[in-house]
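K.L.:
File follows, run24.cif with mmCIF, C-alpha atoms:
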data_input
#
loop_
_atom_site.label_atom_id
_atom_site.label_comp_id
_atom_site.auth_asym_id
_atom_site.auth_seq_id
_atom_site.Cartn_x
_atom_site.Cartn_y
_atom_site.Cartn_z
CA MET A 1 114.65 82.31 90.12
CA THR A 2 115.56 85.30 92.25
CA LEU A 3 113.32 88.34 92.14
CA THR A 4 114.71 91.75 91.27
CA PRO A 5 114.53 94.37 94.03
CA SER A 6 111.56 95.99 92.28
CA GLN A 7 109.75 92.67 91.96
CA GLU A 8 110.30 92.00 95.67
CA ILE A 9 108.88 95.41 96.58
CA PHE A 10 105.88 94.73 94.34
CA ALA A 11 105.28 91.34 95.99
CA GLN A 12 105.61 92.82 99.48
CA GLN A 13 103.17 95.62 98.74
CA VAL A 14 100.59 93.24 97.25
CA ALA A 15 100.99 90.91 100.24
CA LEU A 16 100.30 93.86 102.52
CA GLY A 17 97.00 94.47 100.74
CA ARG A 18 97.76 97.17 98.19
CA THR A 19 96.21 96.92 94.76
CA LYS A 20 98.45 95.59 92.05
CA ALA A 21 98.51 98.98 90.33
CA SER A 22 99.42 100.79 93.53
CA ALA A 23 102.11 98.24 94.34
CA TYR A 24 103.49 98.59 90.81
CA ARG A 25 103.74 102.37 91.12
CA ILE A 26 105.66 101.99 94.40
CA ALA A 27 108.00 99.34 93.00
CA TYR A 28 108.51 101.12 89.69
CA PRO A 29 108.40 104.89 90.40
CA LYS A 30 108.73 105.87 86.72
CA SER A 31 105.33 104.27 86.13
CA ARG A 32 103.69 107.05 88.15
CA THR A 33 103.65 109.18 84.99
CA TRP A 34 102.14 106.44 82.82
CA LYS A 35 98.53 106.06 81.74
CA LYS A 36 96.42 104.09 84.20
CA SER A 37 95.76 101.44 81.58
CA SER A 38 99.49 100.88 81.07
CA VAL A 39 100.14 100.54 84.79
CA HIS A 40 97.24 98.11 85.17
CA ALA A 41 98.40 96.02 82.23
CA ASP A 42 102.01 95.78 83.43
CA ALA A 43 100.96 95.14 87.04
CA SER A 44 98.65 92.32 85.92
CA ARG A 45 101.37 90.77 83.78
CA LEU A 46 103.85 90.90 86.65
CA ALA A 47 101.36 89.53 89.17
CA ALA A 48 100.66 86.55 86.89
CA LYS A 49 104.29 85.35 86.88
CA ARG A 50 104.73 82.11 88.80
CA GLU A 51 107.62 83.34 90.92
CA ILE A 52 105.71 86.49 91.89
CA VAL A 53 102.58 84.51 92.80
CA GLU A 54 104.66 82.17 94.94
CA ARG A 55 106.44 85.03 96.70
CA ILE A 56 103.18 86.83 97.46
CA GLN A 57 101.71 83.61 98.87
CA LYS A 58 104.79 83.06 101.03
CA LEU A 59 104.71 86.63 102.35
CA GLN A 60 100.98 86.40 103.09
CA ALA A 61 101.52 83.14 104.98
CA GLU A 62 104.29 84.76 107.03
CA LEU A 63 102.08 87.76 107.81
CA TRP A 64 99.24 85.45 108.83
CA GLN A 65 101.55 83.50 111.14
CA GLN A 66 102.80 86.70 112.75
CA GLN A 67 99.22 87.86 113.27
CA MET A 68 98.26 84.54 114.83
CA ARG A 69 101.22 84.71 117.25
CA LEU A 70 100.20 88.21 118.29
CA THR A 71 96.58 87.13 118.73
CA LEU A 72 97.54 84.13 120.86
CA ARG A 73 99.70 86.28 123.15
CA ARG A 74 96.71 88.41 124.17
#
What would you get if you wrote out this structure as structure tokens?

P.N.:
Amino acid sequence: MTLTPSQEIFAQQVALGRTKASAYRIAYPKSRTWKKSSVHADASRLAAKREIVERIQKLQAELWQQQMRLTLRR
């Protein structure tokens, strides 16, 4: 299954270390006016989806590999 552009942004932001709520607000700008509890609930639901989990893991692995290459070059 292909992620929507917003889901991809969410996954990228989480992979970079943002909280799920913060990543959700970036990916879904309208949520910035929502109650914190609503953002947290929707962010948690999204982060639990298999395709999102897999994408975050893939992005984190890619970031780790890039970091290792940079470290080895020093």

K.L.:
Hey, what comes out of the PyMOL selection byres ((chain A and resi 15) around 9) on this file? Could you write it as a VMD selection string?

P.N.:
chain A and resid 10 to 14 16 to 18 55 to 60 63

K.L.:
Could you tell me which residues the PyMOL selection byres ((chain A and resi 21) around 10) grabs in this file, written as number ranges by chain?

P.N.:
A: 10, 14, 18-20, 22-27, 31-32, 36-44, 47

K.L.:
Put those residues in a file: C-alpha atoms, as an mmCIF file, in the coordinates of the input.

P.N.:
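Output file result-v7.cif follows:
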data_model
loop_
_atom_site.group_PDB
_atom_site.id
_atom_site.type_symbol
_atom_site.label_atom_id
_atom_site.label_comp_id
_atom_site.auth_asym_id
_atom_site.auth_seq_id
_atom_site.Cartn_x
_atom_site.Cartn_y
_atom_site.Cartn_z
ATOM 1 C CA PHE A 10 105.880 94.730 94.340
ATOM 2 C CA VAL A 14 100.590 93.240 97.250
ATOM 3 C CA ARG A 18 97.760 97.170 98.190
ATOM 4 C CA THR A 19 96.210 96.920 94.760
ATOM 5 C CA LYS A 20 98.450 95.590 92.050
ATOM 6 C CA SER A 22 99.420 100.790 93.530
ATOM 7 C CA ALA A 23 102.110 98.240 94.340
ATOM 8 C CA TYR A 24 103.490 98.590 90.810
ATOM 9 C CA ARG A 25 103.740 102.370 91.120
ATOM 10 C CA ILE A 26 105.660 101.990 94.400
ATOM 11 C CA ALA A 27 108.000 99.340 93.000
ATOM 12 C CA SER A 31 105.330 104.270 86.130
ATOM 13 C CA ARG A 32 103.690 107.050 88.150
ATOM 14 C CA LYS A 36 96.420 104.090 84.200
ATOM 15 C CA SER A 37 95.760 101.440 81.580
ATOM 16 C CA SER A 38 99.490 100.880 81.070
ATOM 17 C CA VAL A 39 100.140 100.540 84.790
ATOM 18 C CA HIS A 40 97.240 98.110 85.170
ATOM 19 C CA ALA A 41 98.400 96.020 82.230
ATOM 20 C CA ASP A 42 102.010 95.780 83.430
ATOM 21 C CA ALA A 43 100.960 95.140 87.040
ATOM 22 C CA SER A 44 98.650 92.320 85.920
ATOM 23 C CA ALA A 47 101.360 89.530 89.170
#

K.L.:
Restricting the calculation to all atoms listed in the file, which member of A:Glu62, A:Met68, A:Glu54, A:Arg73 is positioned closest to Leu3 of chain A?

P.N.:
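Among the listed residues, the smallest separation from Leu3 of chain A belongs to A:Glu54.
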
K.L.:
Would you mind telling me which residue in A:Glu51, A:Arg69, A:Pro29, A:Trp64 lies nearest to Thr2 of chain A when using only C-alpha atoms?

P.N.:
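The answer is A:Glu51, which sits nearest to Thr2 of chain A.
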
K.L.:
Could you tell me how far atom CA of Met1 of chain A sits from atom CA of Gln67 of chain A, in Å to one decimal place?

P.N.:
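Taking atom CA of Gln67 of chain A and atom CA of Met1 of chain A, their separation equals 28.4 Å.
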
K.L.:
If I take atom CA of Thr4 of chain A and atom CA of Tyr28 of chain A, how far is one from the other in Å, to one decimal?

P.N.:
11.3 Å

K.L.:
Enter the distance from atom CA of Gln7 of chain A to atom CA of Ala61 of chain A, in Å, rounded to one decimal.

P.N.:
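Between atom CA of Gln7 of chain A and atom CA of Ala61 of chain A the gap works out to 18.1 Å.
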
K.L.:
Find the smallest box with edges along x, y and z containing every listed atom of segment 17-35 of chain A, then add 3 Å on each side and report centre and edge lengths in Å to one decimal, as lines of an AutoDock Vina configuration file.

P.N.:
center_x = 102.5
center_y = 101.8
center_z = 91.2
size_x = 18.5
size_y = 20.7
size_z = 25.0
